[in-house]
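Listing of target-v5.csv; format and content: CSV, C-alpha atoms and all ligand atoms.
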```csv
chain,number,residue,atom,x,y,z
A,210,MET,CA,43.0,-56.5,15.2
A,211,SER,CA,46.0,-54.3,15.9
A,212,LEU,CA,45.6,-50.8,17.4
A,213,VAL,CA,46.5,-49.2,14.1
A,214,GLY,CA,44.2,-51.6,12.3
A,215,GLN,CA,41.4,-50.4,14.5
A,216,LEU,CA,42.3,-46.8,13.8
A,217,TYR,CA,42.3,-47.5,10.1
A,218,LYS,CA,38.9,-49.2,10.4
A,219,LEU,CA,37.7,-46.1,12.4
A,220,GLN,CA,38.9,-43.9,9.6
A,221,GLN,CA,37.0,-45.9,7.0
A,222,LEU,CA,33.8,-45.5,9.0
A,223,ASP,CA,34.5,-41.7,9.3
A,224,LEU,CA,34.9,-41.4,5.5
A,225,GLU,CA,31.7,-43.4,5.0
A,226,LEU,CA,29.9,-41.2,7.5
A,227,GLN,CA,31.1,-38.1,5.7
A,228,LYS,CA,29.9,-39.4,2.4
A,229,LYS,CA,26.5,-40.3,3.7
A,230,GLN,CA,26.2,-36.9,5.4
A,231,GLN,CA,26.9,-35.2,2.1
A,232,GLU,CA,24.3,-37.4,0.4
A,233,LEU,CA,21.8,-36.5,3.1
A,234,SER,CA,22.2,-32.8,2.6
A,235,GLU,CA,21.9,-33.1,-1.2
A,236,VAL,CA,18.6,-35.1,-0.7
A,237,GLU,CA,17.4,-32.5,1.8
A,238,ASN,CA,18.2,-29.7,-0.7
A,239,GLN,CA,16.1,-31.5,-3.3
A,240,LEU,CA,13.2,-31.9,-0.9
A,241,SER,CA,13.1,-28.3,0.2
A,242,ASP,CA,13.6,-26.8,-3.3
A,243,ASN,CA,10.2,-25.6,-4.5
A,244,LYS,CA,11.4,-22.3,-5.9
A,245,ALA,CA,9.9,-23.0,-9.4
A,246,VAL,CA,6.4,-23.5,-7.8
A,247,VAL,CA,6.7,-20.4,-5.7
A,248,ALA,CA,7.8,-18.3,-8.7
A,249,ALA,CA,4.9,-19.5,-10.9
A,250,GLU,CA,2.4,-18.9,-8.2
A,251,SER,CA,3.6,-15.4,-7.7
A,252,ARG,CA,3.4,-14.8,-11.4
A,253,LEU,CA,-0.2,-16.1,-11.3
A,254,VAL,CA,-1.1,-13.6,-8.5
A,255,SER,CA,0.1,-10.7,-10.5
A,256,GLN,CA,-1.6,-11.8,-13.7
A,257,LYS,CA,-4.9,-12.2,-11.8
A,258,GLU,CA,-4.5,-8.6,-10.6
A,259,GLN,CA,-3.9,-7.4,-14.1
A,260,LEU,CA,-7.0,-9.3,-15.2
A,261,GLU,CA,-9.1,-7.7,-12.5
A,262,ASP,CA,-7.8,-4.3,-13.5
A,263,ALA,CA,-8.6,-4.8,-17.2
A,264,ARG,CA,-12.1,-6.1,-16.4
A,265,LYS,CA,-12.8,-3.0,-14.4
A,266,LYS,CA,-11.7,-0.8,-17.3
A,267,GLN,CA,-13.9,-2.8,-19.7
A,268,ARG,CA,-17.0,-2.4,-17.4
A,269,SER,CA,-16.5,1.3,-17.1
A,270,SER,CA,-16.1,1.7,-20.8
A,271,GLU,CA,-19.4,-0.3,-21.3
A,272,TRP,CA,-21.1,2.1,-18.9
A,273,GLU,CA,-19.8,5.1,-20.7
A,274,LEU,CA,-21.1,3.8,-24.0
A,275,GLU,CA,-24.5,3.0,-22.5
A,276,ASP,CA,-24.7,6.4,-20.9
A,277,LEU,CA,-24.0,8.0,-24.3
A,278,GLN,CA,-26.7,6.0,-26.0
A,279,GLU,CA,-29.1,6.9,-23.3
A,280,LYS,CA,-28.4,10.6,-23.8
A,281,ILE,CA,-28.9,10.3,-27.6
A,282,LYS,CA,-32.2,8.4,-27.1
A,283,HIS,CA,-33.3,11.1,-24.7
A,284,ILE,CA,-32.6,13.9,-27.2
A,285,ASP,CA,-34.0,11.9,-30.1
A,286,GLY,CA,-37.2,11.7,-28.1
A,287,LYS,CA,-37.3,15.4,-27.7
A,288,LEU,CA,-36.6,16.0,-31.4
A,289,TYR,CA,-39.2,13.6,-32.7
A,290,SER,CA,-42.0,13.8,-30.2
A,291,GLY,CA,-43.2,17.1,-31.7
A,292,LYS,CA,-43.3,18.7,-28.3
A,293,THR,CA,-40.4,21.0,-29.1
A,294,LYS,CA,-41.6,23.6,-31.6
A,295,ASP,CA,-39.0,26.3,-31.2
A,296,PRO,CA,-36.8,26.0,-34.4
A,297,LYS,CA,-33.7,27.5,-32.7
A,298,GLU,CA,-34.0,24.9,-29.9
A,299,LEU,CA,-34.5,22.1,-32.5
A,300,VAL,CA,-31.3,23.2,-34.3
A,301,ASN,CA,-29.4,23.2,-31.0
A,302,LEU,CA,-30.7,19.7,-30.1
A,303,GLU,CA,-29.7,18.4,-33.5
A,304,LYS,CA,-26.2,19.8,-33.1
A,305,GLU,CA,-25.9,18.3,-29.7
A,306,VAL,CA,-27.1,14.9,-30.8
A,307,LYS,CA,-24.7,15.0,-33.8
A,308,GLY,CA,-21.8,15.7,-31.4
A,309,LEU,CA,-22.8,12.8,-29.2
A,310,ARG,CA,-23.2,10.4,-32.1
A,311,SER,CA,-19.7,11.2,-33.2
A,312,GLN,CA,-18.4,9.9,-29.9
A,313,ILE,CA,-20.0,6.5,-30.3
A,314,ARG,CA,-17.4,5.0,-32.7
A,315,PRO,CA,-14.3,6.0,-30.8
A,316,LYS,CA,-15.9,4.7,-27.6
A,317,GLU,CA,-16.8,1.4,-29.3
A,318,ASP,CA,-13.2,1.1,-30.6
A,319,THR,CA,-11.9,1.7,-27.1
A,320,LEU,CA,-14.2,-1.0,-25.7
A,321,LEU,CA,-13.2,-3.5,-28.3
A,322,GLY,CA,-9.5,-2.9,-27.5
A,323,LEU,CA,-10.2,-3.4,-23.8
A,324,MET,CA,-12.2,-6.6,-24.5
A,325,SER,CA,-9.3,-8.1,-26.5
A,326,GLN,CA,-6.9,-7.1,-23.7
A,327,VAL,CA,-9.1,-9.0,-21.2
A,328,GLU,CA,-9.1,-12.1,-23.4
A,329,GLU,CA,-5.4,-12.0,-23.8
A,330,ILE,CA,-4.8,-11.8,-20.1
A,331,GLU,CA,-7.4,-14.5,-19.5
A,332,SER,CA,-5.5,-16.9,-21.7
A,333,LYS,CA,-2.2,-16.0,-19.9
A,334,VAL,CA,-3.9,-16.8,-16.6
A,335,ARG,CA,-5.1,-20.2,-17.9
A,336,ALA,CA,-1.6,-21.1,-19.1
A,337,THR,CA,0.0,-20.1,-15.8
A,338,VAL,CA,-2.7,-22.1,-13.8
A,339,GLU,CA,-1.7,-25.2,-15.9
A,340,GLU,CA,2.0,-24.5,-15.3
A,341,VAL,CA,1.5,-24.2,-11.6
A,342,GLU,CA,-0.3,-27.5,-11.5
A,343,HIS,CA,2.4,-29.2,-13.6
A,344,LEU,CA,5.2,-27.9,-11.4
A,345,LYS,CA,3.3,-29.0,-8.3
A,346,ARG,CA,2.9,-32.5,-9.7
A,347,GLU,CA,6.6,-32.6,-10.5
A,348,TRP,CA,7.5,-31.4,-7.1
A,349,GLU,CA,5.3,-34.1,-5.5
A,350,GLN,CA,7.1,-36.7,-7.6
A,351,THR,CA,10.4,-35.4,-6.4
A,352,GLN,CA,9.1,-35.7,-2.8
A,353,GLU,CA,8.0,-39.2,-3.4
A,354,THR,CA,11.4,-40.2,-4.9
A,355,PHE,CA,13.5,-38.5,-2.3
A,356,ARG,CA,11.6,-39.1,0.9
A,357,PRO,CA,12.4,-42.9,1.0
A,358,ARG,CA,16.0,-42.1,-0.1
A,359,LYS,CA,16.3,-39.8,2.9
A,360,ARG,CA,15.0,-42.4,5.3
A,361,GLU,CA,17.5,-45.0,3.9
A,362,ILE,CA,20.4,-42.6,4.4
A,363,GLU,CA,19.3,-41.7,7.9
A,364,ILE,CA,19.1,-45.4,8.8
A,365,ALA,CA,22.6,-46.0,7.3
A,366,LEU,CA,24.0,-43.0,9.2
A,367,ALA,CA,22.5,-44.3,12.5
A,368,GLU,CA,24.1,-47.7,11.9
A,369,LEU,CA,27.5,-46.2,11.0
A,370,ARG,CA,27.4,-44.0,14.1
A,371,ALA,CA,26.6,-46.9,16.3
A,372,GLU,CA,29.4,-49.0,14.7
A,373,ARG,CA,31.8,-46.1,15.2
A,374,SER,CA,31.0,-45.7,18.8
A,375,ARG,CA,31.3,-49.4,19.5
A,376,LEU,CA,34.7,-49.4,17.8
A,377,ALA,CA,35.8,-46.2,19.5
A,378,GLU,CA,35.1,-47.8,22.9
A,379,GLN,CA,37.5,-50.6,22.1
A,380,ILE,CA,40.4,-48.3,21.1
A,381,ASP,CA,42.9,-47.0,23.7
A,382,SER,CA,41.8,-43.5,24.6
A,383,GLU,CA,45.3,-41.9,24.1
A,384,ALA,CA,45.5,-43.4,20.6
A,385,PHE,CA,41.9,-42.3,19.9
A,386,ASN,CA,42.8,-38.7,20.9
A,387,ILE,CA,45.9,-38.7,18.6
A,388,TYR,CA,43.7,-39.9,15.8
A,389,GLU,CA,41.1,-37.2,16.4
A,390,ARG,CA,43.7,-34.5,16.6
A,391,ILE,CA,45.3,-35.4,13.3
A,392,ARG,CA,41.9,-35.9,11.6
A,393,LEU,CA,40.9,-32.4,12.6
A,394,ALA,CA,44.2,-30.9,11.3
A,395,ARG,CA,44.7,-33.0,8.2
A,396,GLY,CA,41.4,-34.6,7.2
A,397,GLN,CA,42.9,-38.1,7.0
A,398,ALA,CA,44.7,-39.4,10.1
A,399,VAL,CA,45.8,-42.9,9.1
A,400,VAL,CA,47.8,-43.5,5.9
A,401,LYS,CA,49.3,-46.5,4.3
A,402,VAL,CA,53.0,-47.0,3.6
A,403,GLU,CA,53.8,-48.1,0.1
A,404,ARG,CA,57.2,-48.8,-1.3
A,405,GLY,CA,58.6,-47.3,1.9
A,406,ARG,CA,56.8,-44.0,1.4
A,407,CYS,CA,54.2,-42.4,3.5
A,408,LEU,CA,51.1,-42.0,1.3
A,409,GLY,CA,50.1,-38.8,3.2
A,410,CYS,CA,53.2,-36.8,2.2
A,411,HIS,CA,55.2,-39.1,-0.1
A,412,ILE,CA,58.3,-38.8,2.0
A,413,THR,CA,60.4,-42.0,2.6
A,414,VAL,CA,59.8,-43.6,6.0
A,415,PRO,CA,62.9,-45.0,7.8
A,416,THR,CA,62.9,-48.8,7.7
A,417,SER,CA,62.9,-49.1,11.5
A,418,GLN,CA,59.7,-47.0,11.6
A,419,TRP,CA,57.7,-48.9,9.1
A,420,GLN,CA,58.8,-52.2,10.6
A,421,LYS,CA,57.4,-51.0,13.9
A,422,ALA,CA,54.3,-49.8,12.2
A,423,LYS,CA,53.9,-53.2,10.5
A,424,ALA,CA,54.2,-54.9,13.9
A,425,GLY,CA,51.1,-52.9,15.0
A,426,ASP,CA,52.8,-50.0,17.0
A,427,LEU,CA,51.3,-46.6,16.7
A,428,ILE,CA,54.0,-44.8,14.7
A,429,GLN,CA,53.5,-41.3,13.3
A,430,CYS,CA,55.2,-40.1,10.1
A,431,ASN,CA,58.2,-37.8,11.0
A,432,ASN,CA,57.2,-35.4,8.3
A,433,CYS,CA,53.4,-35.1,8.4
A,434,SER,CA,52.6,-36.7,11.7
A,435,ARG,CA,50.0,-39.1,10.2
A,436,ILE,CA,49.7,-42.5,11.7
A,437,LEU,CA,51.4,-45.1,9.5
A,438,TYR,CA,49.5,-48.2,8.6
A,439,LEU,CA,50.9,-51.4,6.9
A,440,GLU,CA,48.7,-54.4,6.4
A,501,ZN,ZN,53.9,-38.4,6.0
```
Rendering of file as structure tokens:
Amino acid sequence: MSLVGQLYKLQQLDLELQKKQQELSEVENQLSDNKAVVAAESRLVSQKEQLEDARKKQRSSEWELEDLQEKIKHIDGKLYSGKTKDPKELVNLEKEVKGLRSQIRPKEDTLLGLMSQVEEIESKVRATVEEVEHLKREWEQTQETFRPRKREIEIALAELRAERSRLAEQIDSEAFNIYERIRLARGQAVVKVERGRCLGCHITVPTSQWQKAKAGDLIQCNNCSRILYLE
């Protein structure tokens, strides 16, 4: 293989390496992306807090109602035991018990409202628990698909790198340095000549130049400095 042929082959390996590197980072992105799971889990945490809060309110509303019923029972006891004889006191007790009874209905309504709030949040929590499980299963499947793919790419990359360094060792070091310099500056260091034009910059290459390039000499385009390659 001519020197320029070797450089052209080197470039093909570099392009392949670049492509594989890109594929690897895409696969790695897929593997690390569990944003959906994290978001659903944090939603679940806040829903559970809401549920805890609503349950506390429900319990304290139940206690208030029990307390009220206790008070009414206590006064009813006084009223109907026959122990209280004073008519004025009896009137006062009746007034008090009437006032307490009137509080029962609104307190029951409040309790019912709180109970239905608790039920509503409970069903939200159940739905989110299911969603989290579903997203986790999906994520696991993604992992199972992409982990072997990642290994494949890593193996291919290692092989390409080994091949590149074997080839680089065979190439004249001065030519290799020219190649690397142009690659850094222009992305592609070796270009073909077609119909007398450099395919890097599309400027016509003098006949004497491309003839030398065809013979295998390292010739750079006068315009863009890329190494000219003719098969
Ligand atoms: Zn050129």
(message) Excluding Lys218 in chain A and its own-chain neighbours fewer than 2 positions away, which residues fall within 12 Å of it when counting all atoms listed in the file? Please give them as an NGL selection string.
(response) :A and (210-216 or 220-225 or 369 or 372-373 or 375-377 or 379-380 or 388 or 398-400 or 438 or 440)
(message) Taking all atoms listed in the file into account, which residues have an atom no farther than 8 Å from ligand ZN 501 (chain A)? I'd like them as a count of residues only.
(response) 17
(request) Would you mind listing what lies within 12 Å of Leu226 in chain A as a PyMOL selection string, with all atoms listed in the file counted and same-chain residues fewer than 5 positions away left out? (result) chain A and resi 219-221+231-233+362-373
Based on the selection just made, write C-alpha atoms of those residues as a compact mmCIF listing (two decimals), in the coordinates of the input.
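The resulting file, out30.txt, is shown below:
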```txt
# COMPACT_ATOMS: atom_id res chain seq x y z
CA LEU A 219 37.70 -46.10 12.40
CA GLN A 220 38.90 -43.90 9.60
CA GLN A 221 37.00 -45.90 7.00
CA GLN A 231 26.90 -35.20 2.10
CA GLU A 232 24.30 -37.40 0.40
CA LEU A 233 21.80 -36.50 3.10
CA ILE A 362 20.40 -42.60 4.40
CA GLU A 363 19.30 -41.70 7.90
CA ILE A 364 19.10 -45.40 8.80
CA ALA A 365 22.60 -46.00 7.30
CA LEU A 366 24.00 -43.00 9.20
CA ALA A 367 22.50 -44.30 12.50
CA GLU A 368 24.10 -47.70 11.90
CA LEU A 369 27.50 -46.20 11.00
CA ARG A 370 27.40 -44.00 14.10
CA ALA A 371 26.60 -46.90 16.30
CA GLU A 372 29.40 -49.00 14.70
CA ARG A 373 31.80 -46.10 15.20
```
(message) One number please: CA of Pro315 in chain A to CA of Leu274 in chain A, in Å, one decimal.
(response) 9.9 Å
Which polymer residues have any atom within 10 Å of an atom of Leu302 in chain A, counting all atoms listed in the file, with same-chain residues fewer than 6 positions away left out, as a compact mmCIF listing (two decimals) with C-alpha atoms, keeping the file's coordinate frame?
```txt
# COMPACT_ATOMS: atom_id res chain seq x y z
CA ILE A 281 -28.90 10.30 -27.60
CA ILE A 284 -32.60 13.90 -27.20
CA ASP A 285 -34.00 11.90 -30.10
CA LYS A 287 -37.30 15.40 -27.70
CA LEU A 288 -36.60 16.00 -31.40
CA THR A 293 -40.40 21.00 -29.10
CA PRO A 296 -36.80 26.00 -34.40
CA GLY A 308 -21.80 15.70 -31.40
```
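With all atoms listed in the file as the atoms that count, the residue of A:Gly286, A:Glu235, A:Trp419, A:Tyr217 with the shortest distance to Arg358 in chain A is A:Glu235.
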(message) So, with all atoms listed in the file as the atoms that count, which of A:Lys229, A:Glu303, A:Asn238, A:Val246 lies closest to Val341 in chain A?
(response) A:Val246
(request) Could you check which of A:Leu260, A:Val300, A:Ala422, A:Val306 is closest to Leu277 in chain A, using only C-alpha atoms? (result) A:Val306
Kindly add N, CA and C atoms to the incomplete range 244-276 of chain A and provide the output as an mmCIF file, in the coordinates of the input.
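So the final result, stored in selection_29.cif, reads:
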```
data_model
loop_
_atom_site.group_PDB
_atom_site.id
_atom_site.type_symbol
_atom_site.label_atom_id
_atom_site.label_comp_id
_atom_site.auth_asym_id
_atom_site.auth_seq_id
_atom_site.Cartn_x
_atom_site.Cartn_y
_atom_site.Cartn_z
ATOM 1 N N LYS A 244 11.310 -23.642 -5.393
ATOM 2 C CA LYS A 244 11.400 -22.300 -5.900
ATOM 3 C C LYS A 244 10.585 -22.098 -7.212
ATOM 4 N N ALA A 245 10.595 -23.122 -8.077
ATOM 5 C CA ALA A 245 9.900 -23.000 -9.400
ATOM 6 C C ALA A 245 8.371 -22.835 -9.111
ATOM 7 N N VAL A 246 7.841 -23.611 -8.150
ATOM 8 C CA VAL A 246 6.400 -23.500 -7.800
ATOM 9 C C VAL A 246 6.091 -22.130 -7.279
ATOM 10 N N VAL A 247 6.904 -21.687 -6.337
ATOM 11 C CA VAL A 247 6.700 -20.400 -5.700
ATOM 12 C C VAL A 247 6.707 -19.260 -6.750
ATOM 13 N N ALA A 248 7.671 -19.319 -7.674
ATOM 14 C CA ALA A 248 7.800 -18.300 -8.700
ATOM 15 C C ALA A 248 6.571 -18.264 -9.612
ATOM 16 N N ALA A 249 6.118 -19.466 -10.039
ATOM 17 C CA ALA A 249 4.900 -19.500 -10.900
ATOM 18 C C ALA A 249 3.701 -19.036 -10.206
ATOM 19 N N GLU A 250 3.584 -19.365 -8.923
ATOM 20 C CA GLU A 250 2.400 -18.900 -8.200
ATOM 21 C C GLU A 250 2.387 -17.401 -8.021
ATOM 22 N N SER A 251 3.557 -16.810 -7.833
ATOM 23 C CA SER A 251 3.600 -15.400 -7.700
ATOM 24 C C SER A 251 3.270 -14.658 -9.007
ATOM 25 N N ARG A 252 3.703 -15.304 -10.108
ATOM 26 C CA ARG A 252 3.400 -14.800 -11.400
ATOM 27 C C ARG A 252 1.856 -14.827 -11.639
ATOM 28 N N LEU A 253 1.256 -15.918 -11.180
ATOM 29 C CA LEU A 253 -0.200 -16.100 -11.300
ATOM 30 C C LEU A 253 -0.937 -14.977 -10.553
ATOM 31 N N VAL A 254 -0.479 -14.687 -9.347
ATOM 32 C CA VAL A 254 -1.100 -13.600 -8.500
ATOM 33 C C VAL A 254 -1.090 -12.311 -9.290
ATOM 34 N N SER A 255 0.056 -11.963 -9.875
ATOM 35 C CA SER A 255 0.100 -10.700 -10.500
ATOM 36 C C SER A 255 -0.694 -10.638 -11.827
ATOM 37 N N GLN A 256 -0.764 -11.780 -12.520
ATOM 38 C CA GLN A 256 -1.600 -11.800 -13.700
ATOM 39 C C GLN A 256 -3.086 -11.700 -13.374
ATOM 40 N N LYS A 257 -3.497 -12.282 -12.241
ATOM 41 C CA LYS A 257 -4.900 -12.200 -11.800
ATOM 42 C C LYS A 257 -5.231 -10.715 -11.458
ATOM 43 N N GLU A 258 -4.256 -10.026 -10.880
ATOM 44 C CA GLU A 258 -4.500 -8.600 -10.600
ATOM 45 C C GLU A 258 -4.638 -7.791 -11.856
ATOM 46 N N GLN A 259 -3.768 -8.098 -12.838
ATOM 47 C CA GLN A 259 -3.900 -7.400 -14.100
ATOM 48 C C GLN A 259 -5.246 -7.655 -14.768
ATOM 49 N N LEU A 260 -5.737 -8.902 -14.644
ATOM 50 C CA LEU A 260 -7.000 -9.300 -15.200
ATOM 51 C C LEU A 260 -8.153 -8.475 -14.562
ATOM 52 N N GLU A 261 -8.098 -8.417 -13.236
ATOM 53 C CA GLU A 261 -9.100 -7.700 -12.500
ATOM 54 C C GLU A 261 -9.152 -6.226 -12.940
ATOM 55 N N ASP A 262 -7.987 -5.656 -13.092
ATOM 56 C CA ASP A 262 -7.800 -4.300 -13.500
ATOM 57 C C ASP A 262 -8.435 -4.046 -14.915
ATOM 58 N N ALA A 263 -8.094 -4.948 -15.843
ATOM 59 C CA ALA A 263 -8.600 -4.800 -17.200
ATOM 60 C C ALA A 263 -10.089 -5.003 -17.297
ATOM 61 N N ARG A 264 -10.623 -5.906 -16.462
ATOM 62 C CA ARG A 264 -12.100 -6.100 -16.400
ATOM 63 C C ARG A 264 -12.802 -4.866 -15.930
ATOM 64 N N LYS A 265 -12.227 -4.202 -14.926
ATOM 65 C CA LYS A 265 -12.800 -3.000 -14.400
ATOM 66 C C LYS A 265 -12.875 -1.908 -15.495
ATOM 67 N N LYS A 266 -11.764 -1.776 -16.232
ATOM 68 C CA LYS A 266 -11.700 -0.800 -17.300
ATOM 69 C C LYS A 266 -12.762 -1.102 -18.370
ATOM 70 N N GLN A 267 -12.907 -2.400 -18.674
ATOM 71 C CA GLN A 267 -13.900 -2.800 -19.700
ATOM 72 C C GLN A 267 -15.312 -2.425 -19.212
ATOM 73 N N ARG A 268 -15.615 -2.714 -17.932
ATOM 74 C CA ARG A 268 -17.000 -2.400 -17.400
ATOM 75 C C ARG A 268 -17.227 -0.896 -17.478
ATOM 76 N N SER A 269 -16.229 -0.100 -17.091
ATOM 77 C CA SER A 269 -16.500 1.300 -17.100
ATOM 78 C C SER A 269 -16.650 1.884 -18.498
ATOM 79 N N SER A 270 -15.931 1.271 -19.448
ATOM 80 C CA SER A 270 -16.100 1.700 -20.800
ATOM 81 C C SER A 270 -17.483 1.295 -21.370
ATOM 82 N N GLU A 271 -17.998 0.136 -20.923
ATOM 83 C CA GLU A 271 -19.400 -0.300 -21.300
ATOM 84 C C GLU A 271 -20.396 0.702 -20.759
ATOM 85 N N TRP A 272 -20.176 1.115 -19.497
ATOM 86 C CA TRP A 272 -21.100 2.100 -18.900
ATOM 87 C C TRP A 272 -21.121 3.390 -19.618
ATOM 88 N N GLU A 273 -19.927 3.855 -19.972
ATOM 89 C CA GLU A 273 -19.800 5.100 -20.700
ATOM 90 C C GLU A 273 -20.608 5.083 -21.994
ATOM 91 N N LEU A 274 -20.459 3.945 -22.688
ATOM 92 C CA LEU A 274 -21.100 3.800 -24.000
ATOM 93 C C LEU A 274 -22.661 3.766 -23.779
ATOM 94 N N GLU A 275 -23.107 3.020 -22.754
ATOM 95 C CA GLU A 275 -24.500 3.000 -22.500
ATOM 96 C C GLU A 275 -25.098 4.338 -22.117
ATOM 97 N N ASP A 276 -24.312 5.042 -21.326
ATOM 98 C CA ASP A 276 -24.700 6.400 -20.900
ATOM 99 C C ASP A 276 -24.865 7.293 -22.132
#
```
